[in-house]
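Asker: Got a structure for you, questions after.
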Amino acid sequence: MAASQGGPAPSLDVITIGRASVDLYGQQIGSRLEDVGSFAKSVGGCPANIAIGTARLGLRSALLTRVGDEQFGRFLREQLAREGVDLGGLKTDPTRLTALAILSVESDKSFPLLFYRENCADMALEEADVDAAFLATARAVVVTGTHFAKPNTEAAQRKAMRLMRAQGGKVVLDIDYRPNLWGLAGHAAGDNRYIASSAVSERMKSVLPGCDLVVGTEEEVLIASGESELLPALKTIRALTPATIVLKRGPMGCIVYEGAISDDLEDGIVGKGFPIEVYNVLGAGDAFMSGFLRGWLGGETLQTAATWANACGAFAVSRLLCSPESPTFAELQYFLKNGSPHRALRKDEAINHIHWATTRRRDIPSLMALACDHRAQLEEVAQKLGADPARIRDFKVLAVKAAARVAAGRPGYGMLLDEKHGREAMFEFARHPFSWLGRPVELPGSRPLRFEGSQDIGSALPEWPVDHCIKALCFYHPDDEPALKQAQQEKLRTLFEAARKVGRELLVEIIAGKHGPLGPDTIARAMQELYDLGIKPDWWKLEPQASPAAWAAIEQTIARNDPWCRGVLLLGLDAPAEELEAGFAATAAAPIVKGFAVGRTIFMAAAEAWLAGRMDDEAAIADMARRFGALTELWLSTRGRKAA
């Protein structure tokens with residue numbers, strides 16, 4: 001490799017080349033594509049999926065392709081960046097659209113698939129897009145079968161292969177055969193996996209000598225060799241290349257062949273298989289390749305690499321989408337160690353929680369939030385002053401501007417805003433680069449907990465932007481009478497299930513002190529009762545605690561039940577600044593407390609003056625910004641930090 005020839009150590013493990021599309025997968029399972037009513041959007045295309053899959057498993061990956069200069073192209077770019085994929089080889093095509101793939105799951109054997117790829121961005125990749133300096137940063141390159149179908153993309157991939165071999169790196173071929181992308185089938189036959197073609201076979205056979213690893217299904221091995229039976233096909237490929245050959249066999253796992261191919265198909269290295277329920281086969285091969293590369297490039301044995309590949313493929317076929325379903329390394333290791341009692345892995349709550357927690361959209365190590373989701377309190381102020389309650393929505397826009405002034409584009413700032421009075425404020429919020437937005441769903445003051453509006457909370461959440469966090473305030477004390485506790489617990493469990501189903505983060509706010517004594521173990525006991533029900537919020541929002549022992553108990557409870565929890569936010573309860581200072585200081589030795597979400601301490605004085613007509617917009621913004629800014633500086637000082 002490059003490093004062994006005296007150059008610097010490669011900064012990347014693998015570069016993948018080729019297809020990058022937006023996948024739109026039908027969410028109604030068992031439906032014809034004609035009847036699908038809604039779609040889930042994700043990154044798609046074999047090389048893009050492999051880039052994400054390997055990044056999730058800990059490899060340093062990059063994608064070399066083109067995307068359009070439009071919203072879908074920007075979606076691919078942004079999502080790849082979130083996943084940790086290097087974008088050094090990602091080109092923006094100013095004249096072509098990003099490719100689309102649209103699919104439905106009719107059954108466990110039928111997956112109608114439409115490719116929108118006419119003159120698309122990734123198929124315009126050309127030799128000039130392959131930069132030698134960029135290739136030199138990687139240990140390996142993955143080329144894919146589809147991009148040998150057109151002269152320009154073929155030239156790009158062959159150049160990448162030459163450069164990689166010249167620098168001592170590894171060349172990997174994913175045969176990735178799609179007959180209709182070679183012009184061999186009609187648009188409606190996107191799910192057709194095999195049509196014999198001597199032209200395709202001759203093209204692929206000319207690629208094989210330059211490869212170190214060749215991976216394909218039985219059908220793909222046939223097309224790459226030009227043979228009609230599997231054993232002669234493997235022997236033909238071996239005659240053309242000394243590469244390690246990996247034969248994918250679906251639920252039977254895979255066989256890895258090194259050296260000569262014997263007359264016994266089973267005479268190879270077999271990784272452990274994982275029989276599971278098939279939900280959607282699309283993307284399984286990309287997850288498989290990701291797992292194999294993690295082992296192969298990571299120095300593991302071929303048997304280990306094959307086992308990891310089989311496990312990653314099992315995850316993919318048991319879930320709906322492609323790249324979003326690829327496991328993280330933590331998830332993979334948990335599965336290999338513990339297995340699963342479910343043939344349908346998507347129903348395993350323990351595994352799903354690790355998957356969810358290790359694929360969150362962004363890291364938020366600390367959070368300072370201005371809470372302006374208050375409804376009843378502001379309505380009471382407006383009524384007392386004789387002000388039009390419709391003005392509350394305008395005041396909340398001012399609160400957003402105040403928070404944005406303090407944040408100044410820096411990470412770690414956020415807000416809480418409500419649907420009832422805060423829709424315009426949310427639109428203003430979206431114009432600023434905040435890190436986080438939480439939205440309440442509780443009916444203010446309800447005990448037992450009720451949702452505001454419809455109790456069918458799951459039907460409302462899909463309308464929310466994907467990065468908005470659900471917030472539920474529950475007046476919950478572990479010594480409440482059993483019927484009250486059961487009602488609250490059932491409501492929170494329903495909310496947790498809905499949050500996971502629609503892919504939104506959840507913050508649970510527990511206030512116990514208003515309905516019973518607050519001892520050193522009160523909140524920890526309340527949290528444990530909810531954890532025992534399988535409720536694992538992304539965030540907790542808790543009232544200040546009187547002792548370090550209380551915070552230690554809270555921290556131990558979280559660590560014991562959910563080490564993936566983002567952490568705790570401290571609430572304000574309209575406390576004066578000096579009380580908040582003491583509360584902040586008390587958490588200095590509790591790293592699980594990541595920040596605060598405080599409201600009335602910051603905005604109430606401005607709200608009363610502005611609603612009464614004694615303060616104009618700018619004065620209200622300035623007053624809230626001053627108070628929020630002082631509180632953020634106070635918080636940071638307790639952590640020995642300054643605002644970035």
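Chain identifiers are assigned as A, B, and so on, following the order in which chains appear in the structure tokens; residues are numbered from 1 within each chain, and ligands are numbered from 1 in order of appearance.
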Could you pull the residues within 8 Å of segment 60-64 of chain A, counting only C-alpha atoms, minus those fewer than 3 positions along the same chain, as a list in words?
Answerer: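 Answer for this query is Ser11, Leu12, Asp13, Val14, Ile15, Thr16, Ile17, Gly18, Pro47, Ala48, Ala51, Ile52, Thr54, Ala55, Gly84, Val85, Asp86, Leu87, Gly88, Gly89, Leu90, Lys91 and Val130 of chain A.
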Asker: How would the residues just picked look written out with N, CA and C atoms as an mmCIF file, in the first residue's frame?
Answerer:
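Generated output (result-v1.cif):
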```
data_model
loop_
_atom_site.group_PDB
_atom_site.id
_atom_site.type_symbol
_atom_site.label_atom_id
_atom_site.label_comp_id
_atom_site.auth_asym_id
_atom_site.auth_seq_id
_atom_site.Cartn_x
_atom_site.Cartn_y
_atom_site.Cartn_z
ATOM 1 N N SER A 11 -5.229 8.005 4.942
ATOM 2 C CA SER A 11 -6.179 8.551 5.909
ATOM 3 C C SER A 11 -7.540 7.895 5.793
ATOM 4 N N LEU A 12 -7.774 7.164 4.678
ATOM 5 C CA LEU A 12 -9.033 6.464 4.464
ATOM 6 C C LEU A 12 -8.789 4.964 4.358
ATOM 7 N N ASP A 13 -9.767 4.189 4.791
ATOM 8 C CA ASP A 13 -9.689 2.748 4.595
ATOM 9 C C ASP A 13 -10.216 2.347 3.227
ATOM 10 N N VAL A 14 -11.309 2.986 2.793
ATOM 11 C CA VAL A 14 -11.935 2.536 1.556
ATOM 12 C C VAL A 14 -12.661 3.691 0.868
ATOM 13 N N ILE A 15 -12.557 3.704 -0.465
ATOM 14 C CA ILE A 15 -13.345 4.599 -1.309
ATOM 15 C C ILE A 15 -14.270 3.732 -2.144
ATOM 16 N N THR A 16 -15.552 4.045 -2.141
ATOM 17 C CA THR A 16 -16.506 3.340 -2.997
ATOM 18 C C THR A 16 -16.867 4.241 -4.173
ATOM 19 N N ILE A 17 -17.138 3.633 -5.321
ATOM 20 C CA ILE A 17 -17.403 4.395 -6.546
ATOM 21 C C ILE A 17 -18.717 3.931 -7.163
ATOM 22 N N GLY A 18 -19.536 4.897 -7.613
ATOM 23 C CA GLY A 18 -20.689 4.525 -8.427
ATOM 24 C C GLY A 18 -22.008 5.123 -7.994
ATOM 25 N N PRO A 47 -22.848 1.670 -3.865
ATOM 26 C CA PRO A 47 -21.636 2.251 -3.281
ATOM 27 C C PRO A 47 -21.918 3.228 -2.142
ATOM 28 N N ALA A 48 -23.008 3.996 -2.265
ATOM 29 C CA ALA A 48 -23.359 4.918 -1.183
ATOM 30 C C ALA A 48 -23.728 4.143 0.070
ATOM 31 N N ALA A 51 -20.550 2.817 1.629
ATOM 32 C CA ALA A 51 -19.801 3.885 2.301
ATOM 33 C C ALA A 51 -20.381 4.147 3.683
ATOM 34 N N ILE A 52 -21.704 4.218 3.780
ATOM 35 C CA ILE A 52 -22.340 4.436 5.079
ATOM 36 C C ILE A 52 -22.190 3.209 5.969
ATOM 37 N N THR A 54 -19.884 0.861 6.032
ATOM 38 C CA THR A 54 -18.529 0.705 6.570
ATOM 39 C C THR A 54 -18.214 1.796 7.584
ATOM 40 N N ALA A 55 -18.709 3.013 7.360
ATOM 41 C CA ALA A 55 -18.489 4.088 8.330
ATOM 42 C C ALA A 55 -19.129 3.749 9.666
ATOM 43 N N GLY A 84 -20.517 10.276 8.756
ATOM 44 C CA GLY A 84 -19.068 10.229 8.871
ATOM 45 C C GLY A 84 -18.350 9.826 7.606
ATOM 46 N N VAL A 85 -19.041 9.849 6.461
ATOM 47 C CA VAL A 85 -18.416 9.511 5.179
ATOM 48 C C VAL A 85 -17.653 10.724 4.659
ATOM 49 N N ASP A 86 -16.424 10.513 4.238
ATOM 50 C CA ASP A 86 -15.613 11.587 3.669
ATOM 51 C C ASP A 86 -16.207 12.027 2.330
ATOM 52 N N LEU A 87 -16.314 13.331 2.129
ATOM 53 C CA LEU A 87 -16.943 13.866 0.920
ATOM 54 C C LEU A 87 -15.935 14.376 -0.109
ATOM 55 N N GLY A 88 -14.663 14.035 0.070
ATOM 56 C CA GLY A 88 -13.632 14.541 -0.821
ATOM 57 C C GLY A 88 -13.787 14.123 -2.267
ATOM 58 N N GLY A 89 -14.510 13.028 -2.525
ATOM 59 C CA GLY A 89 -14.710 12.573 -3.897
ATOM 60 C C GLY A 89 -16.114 12.795 -4.409
ATOM 61 N N LEU A 90 -16.928 13.537 -3.664
ATOM 62 C CA LEU A 90 -18.317 13.742 -4.059
ATOM 63 C C LEU A 90 -18.446 15.013 -4.894
ATOM 64 N N LYS A 91 -18.781 14.837 -6.155
ATOM 65 C CA LYS A 91 -18.881 15.956 -7.089
ATOM 66 C C LYS A 91 -20.341 16.397 -7.224
ATOM 67 N N VAL A 130 -11.820 11.261 -11.278
ATOM 68 C CA VAL A 130 -11.013 10.381 -10.429
ATOM 69 C C VAL A 130 -9.643 11.012 -10.250
#
```
Asker: Please, which residues of segment 322-544 of chain A, numbered as in this document, come out strand (DSSP E or B) from DSSP, as JSON, numbers by chain?
Answerer: {"A": [367, 368, 369, 370, 371, 372, 413, 414, 415, 416, 417, 436, 437, 438, 439, 440, 442, 451, 468, 469, 470, 471, 472, 473, 474, 506, 507, 508, 509, 510, 539, 540, 541, 542]}
Asker: How would the residues just picked look written out with N, CA, C and O atoms as a tab-separated table (two decimals), in the first residue's frame?
Answerer:
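This is the output file part-v8.tsv:
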```tsv
chain	number	residue	atom	x	y	z
A	367	LEU	N	-26.12	21.16	26.03
A	367	LEU	CA	-27.29	21.83	25.48
A	367	LEU	C	-27.80	22.89	26.45
A	367	LEU	O	-28.09	22.59	27.61
A	368	MET	N	-27.91	24.12	25.96
A	368	MET	CA	-28.48	25.23	26.73
A	368	MET	C	-29.70	25.71	25.97
A	368	MET	O	-29.59	26.23	24.86
A	369	ALA	N	-30.88	25.50	26.56
A	369	ALA	CA	-32.12	25.74	25.84
A	369	ALA	C	-32.97	26.80	26.54
A	369	ALA	O	-33.13	26.78	27.76
A	370	LEU	N	-33.53	27.69	25.74
A	370	LEU	CA	-34.53	28.63	26.22
A	370	LEU	C	-35.89	27.95	26.04
A	370	LEU	O	-36.31	27.69	24.92
A	371	ALA	N	-36.54	27.66	27.15
A	371	ALA	CA	-37.84	26.99	27.11
A	371	ALA	C	-38.94	28.02	26.97
A	371	ALA	O	-39.17	28.83	27.87
A	372	CYS	N	-39.61	28.01	25.83
A	372	CYS	CA	-40.72	28.93	25.60
A	372	CYS	C	-41.92	28.14	25.06
A	372	CYS	O	-42.62	28.58	24.15
A	413	TYR	N	-26.91	25.14	21.50
A	413	TYR	CA	-28.04	25.97	21.91
A	413	TYR	C	-29.32	25.43	21.30
A	413	TYR	O	-29.32	24.91	20.18
A	414	GLY	N	-30.43	25.59	22.05
A	414	GLY	CA	-31.70	25.09	21.54
A	414	GLY	C	-32.86	25.80	22.19
A	414	GLY	O	-32.70	26.76	22.94
A	415	MET	N	-34.07	25.28	21.88
A	415	MET	CA	-35.29	25.87	22.42
A	415	MET	C	-36.35	24.80	22.62
A	415	MET	O	-36.29	23.72	22.02
A	416	LEU	N	-37.33	25.14	23.44
A	416	LEU	CA	-38.58	24.40	23.54
A	416	LEU	C	-39.68	25.32	23.05
A	416	LEU	O	-39.83	26.45	23.54
A	417	LEU	N	-40.46	24.86	22.07
A	417	LEU	CA	-41.55	25.63	21.49
A	417	LEU	C	-42.76	24.72	21.31
A	417	LEU	O	-42.60	23.52	21.05
A	436	TRP	N	-30.95	22.14	18.50
A	436	TRP	CA	-32.01	21.27	19.04
A	436	TRP	C	-33.30	22.04	19.22
A	436	TRP	O	-33.29	23.22	19.59
A	437	LEU	N	-34.43	21.35	18.95
A	437	LEU	CA	-35.74	21.90	19.26
A	437	LEU	C	-36.60	20.80	19.88
A	437	LEU	O	-36.74	19.71	19.32
A	438	GLY	N	-37.17	21.11	21.05
A	438	GLY	CA	-38.11	20.21	21.70
A	438	GLY	C	-39.52	20.77	21.61
A	438	GLY	O	-39.72	21.99	21.64
A	439	ARG	N	-40.51	19.86	21.50
A	439	ARG	CA	-41.91	20.28	21.37
A	439	ARG	C	-42.78	19.49	22.34
A	439	ARG	O	-42.73	18.26	22.35
A	440	PRO	N	-43.58	20.17	23.17
A	440	PRO	CA	-44.38	19.47	24.17
A	440	PRO	C	-45.59	18.80	23.55
A	440	PRO	O	-46.17	19.28	22.58
A	442	GLU	N	-47.81	17.23	26.10
A	442	GLU	CA	-48.70	17.05	27.24
A	442	GLU	C	-49.75	18.16	27.31
A	442	GLU	O	-49.50	19.29	26.89
A	451	PHE	N	-52.45	13.88	26.56
A	451	PHE	CA	-51.85	14.60	25.45
A	451	PHE	C	-52.73	15.79	25.08
A	451	PHE	O	-53.96	15.73	25.20
A	468	HIS	N	-37.02	17.28	15.22
A	468	HIS	CA	-37.72	17.85	16.37
A	468	HIS	C	-37.89	16.77	17.43
A	468	HIS	O	-38.30	15.64	17.12
A	469	CYS	N	-37.61	17.12	18.67
A	469	CYS	CA	-37.66	16.18	19.78
A	469	CYS	C	-39.00	16.30	20.51
A	469	CYS	O	-39.43	17.40	20.86
A	470	ILE	N	-39.63	15.17	20.79
A	470	ILE	CA	-40.88	15.15	21.56
A	470	ILE	C	-40.55	15.39	23.03
A	470	ILE	O	-39.63	14.78	23.58
A	471	LYS	N	-41.32	16.26	23.66
A	471	LYS	CA	-41.15	16.51	25.10
A	471	LYS	C	-42.46	16.26	25.81
A	471	LYS	O	-43.51	16.73	25.37
A	472	ALA	N	-42.41	15.48	26.89
A	472	ALA	CA	-43.60	15.21	27.68
A	472	ALA	C	-43.31	15.47	29.15
A	472	ALA	O	-42.42	14.85	29.74
A	473	LEU	N	-44.05	16.40	29.74
A	473	LEU	CA	-43.95	16.69	31.17
A	473	LEU	C	-44.95	15.82	31.92
A	473	LEU	O	-46.14	15.82	31.61
A	474	CYS	N	-44.46	15.08	32.91
A	474	CYS	CA	-45.30	14.19	33.70
A	474	CYS	C	-45.07	14.48	35.19
A	474	CYS	O	-43.93	14.39	35.67
A	506	LEU	N	-37.10	11.57	22.08
A	506	LEU	CA	-38.06	11.78	23.16
A	506	LEU	C	-37.36	12.31	24.39
A	506	LEU	O	-36.34	11.75	24.83
A	507	LEU	N	-37.90	13.37	24.95
A	507	LEU	CA	-37.47	13.91	26.24
A	507	LEU	C	-38.62	13.72	27.23
A	507	LEU	O	-39.75	14.14	26.95
A	508	VAL	N	-38.35	13.08	28.36
A	508	VAL	CA	-39.34	12.92	29.41
A	508	VAL	C	-38.96	13.83	30.57
A	508	VAL	O	-37.85	13.72	31.12
A	509	GLU	N	-39.87	14.72	30.91
A	509	GLU	CA	-39.67	15.65	32.02
A	509	GLU	C	-40.45	15.13	33.23
A	509	GLU	O	-41.66	14.93	33.15
A	510	ILE	N	-39.75	14.89	34.31
A	510	ILE	CA	-40.37	14.40	35.54
A	510	ILE	C	-40.31	15.50	36.60
A	510	ILE	O	-39.23	16.00	36.92
A	539	TRP	N	-33.58	11.89	26.29
A	539	TRP	CA	-33.23	12.91	27.28
A	539	TRP	C	-34.17	12.78	28.48
A	539	TRP	O	-35.33	12.40	28.32
A	540	TRP	N	-33.66	13.16	29.64
A	540	TRP	CA	-34.49	13.41	30.82
A	540	TRP	C	-34.41	14.90	31.13
A	540	TRP	O	-33.35	15.52	30.96
A	541	LYS	N	-35.52	15.46	31.59
A	541	LYS	CA	-35.52	16.84	32.08
A	541	LYS	C	-36.00	16.78	33.53
A	541	LYS	O	-37.12	16.32	33.79
A	542	LEU	N	-35.15	17.21	34.45
A	542	LEU	CA	-35.40	16.99	35.87
A	542	LEU	C	-35.26	18.28	36.66
A	542	LEU	O	-34.50	19.19	36.29
```
Asker: Using only C-alpha atoms, which protein or nucleic acid residues come within 7 Å of segment 340-348 of chain A? Drop anything in the same chain fewer than 6 positions from it, and give the result as a ChimeraX atom specification.
Answerer: /A:276-277,315,318-319
Asker: Include C-alpha atoms and write out the residues we just selected as a CSV table (one decimal), in the first residue's frame.
Answerer:
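Output file result-v8.csv is given in full below:
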```csv
chain,number,residue,atom,x,y,z
A,276,ILE,CA,-34.1,-14.6,10.0
A,277,GLU,CA,-37.4,-13.5,8.5
A,315,PHE,CA,-30.0,-6.9,9.8
A,318,SER,CA,-35.1,-7.9,8.5
A,319,ARG,CA,-35.8,-4.1,8.1
```
Asker: Please tabulate, as a Markdown table, the residues of segment 94-155 of chain A that come within 7 Å of segment 166-185 of chain A, each with its closest pair of atoms and the distance in Å to one decimal, counting only C-alpha atoms and ordering rows by chain, then residue number upward.
Answerer:
```
| residue | atom | partner | partner_atom | distance |
| --- | --- | --- | --- | --- |
| A:Arg139 | CA | A:Gly169 | CA | 5.1 |
| A:Ala140 | CA | A:Lys170 | CA | 4.4 |
| A:Val141 | CA | A:Val171 | CA | 5.2 |
| A:Val142 | CA | A:Val172 | CA | 4.6 |
| A:Val143 | CA | A:Leu173 | CA | 5.1 |
| A:Thr144 | CA | A:Asp174 | CA | 4.9 |
| A:Gly145 | CA | A:Ile175 | CA | 4.6 |
| A:Thr146 | CA | A:Asp176 | CA | 6.5 |
| A:Ala149 | CA | A:Trp182 | CA | 5.7 |
```
Asker: Calculated over only C-alpha atoms, which of the candidates A:Gly640, A:Gly513, A:Gly273, A:Pro448 has the smallest distance to Ala526 of chain A?
Answerer: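 Once distances to Ala526 of chain A are computed over only C-alpha atoms, the minimum belongs to A:Gly513.
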Asker: Could you tell me which of A:Arg165, A:Lys485, A:Lys384, A:Lys159 comes closest to Glu127 of chain A if we count only C-alpha atoms?
Answerer: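 Going through A:Arg165, A:Lys485, A:Lys384, A:Lys159 one by one, the smallest distance to Glu127 of chain A is for A:Lys159.
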Asker: Which residue out of A:Glu505, A:Asp267, A:Glu219, A:Asp129 has the minimum interatomic distance to Trp356 of chain A when only C-alpha atoms are used?
Answerer: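 Counting only C-alpha atoms, the residue closest to Trp356 of chain A is A:Glu505.
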Asker: Would you list the contacts of segment 25-35 of chain A as a VMD selection string, taking every protein, DNA or RNA residue within 12 Å and counting only C-alpha atoms, but skipping same-chain residues closer than 3 positions in sequence?
Answerer: chain A and resid 22 38 to 44 100 to 115 188 279 to 280 282 to 283 319 to 322 324 501 to 502
Asker: I want to know what sits within 9 Å of Arg82 of chain A, based on only C-alpha atoms, with residues of the same chain fewer than 5 positions away left out; could you give that as a VMD selection string?
Answerer: chain A and resid 77 360 to 362
Asker: Near segment 574-590 of chain A, counting only C-alpha atoms, which residues have an atom at most 7 Å away, once you skip same-chain residues fewer than 2 positions from it, shown as a PDB file with C-alpha atoms, in the first residue's frame?
Answerer:
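What ended up in out10.pdb:
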```
ATOM      1  CA  PRO A 544     -32.860  20.613  40.743  1.00  0.00           C
ATOM      2  CA  PRO A 548     -24.948  15.341  45.384  1.00  0.00           C
ATOM      3  CA  TRP A 551     -27.564  13.271  41.399  1.00  0.00           C
ATOM      4  CA  ALA A 552     -25.303  10.269  41.978  1.00  0.00           C
ATOM      5  CA  GLY A 572     -35.950  26.053  36.088  1.00  0.00           C
ATOM      6  CA  ILE A 592     -24.820  13.062  33.028  1.00  0.00           C
ATOM      7  CA  VAL A 593     -26.332  16.556  33.378  1.00  0.00           C
ATOM      8  CA  ARG A 600     -39.936  31.824  32.861  1.00  0.00           C
ATOM      9  CA  THR A 601     -36.763  33.004  34.587  1.00  0.00           C
ATOM     10  CA  LEU A 634     -23.343  30.892  34.463  1.00  0.00           C
ATOM     11  CA  TRP A 635     -23.840  27.321  33.278  1.00  0.00           C
ATOM     12  CA  THR A 638     -19.828  25.759  36.502  1.00  0.00           C
ATOM     13  CA  ARG A 639     -18.283  23.480  33.872  1.00  0.00           C
TER      14      ARG A 639
END
```
Asker: Between A:Ala376, A:Gly453, A:Ile223, A:Ala404, which residue has the minimum interatomic distance to Arg431 of chain A, considering only C-alpha atoms?
Answerer: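 Smallest distance to Arg431 of chain A is found for A:Ala404.
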Asker: Hey, what's within 9 Å of Ala309 of chain A if we count only C-alpha atoms and toss same-chain stuff fewer than 5 positions away? As JSON, numbers by chain, please?
Answerer: {"A": [253, 254, 271, 285, 287, 288, 289, 290, 291, 292, 293, 294, 295, 304, 314]}
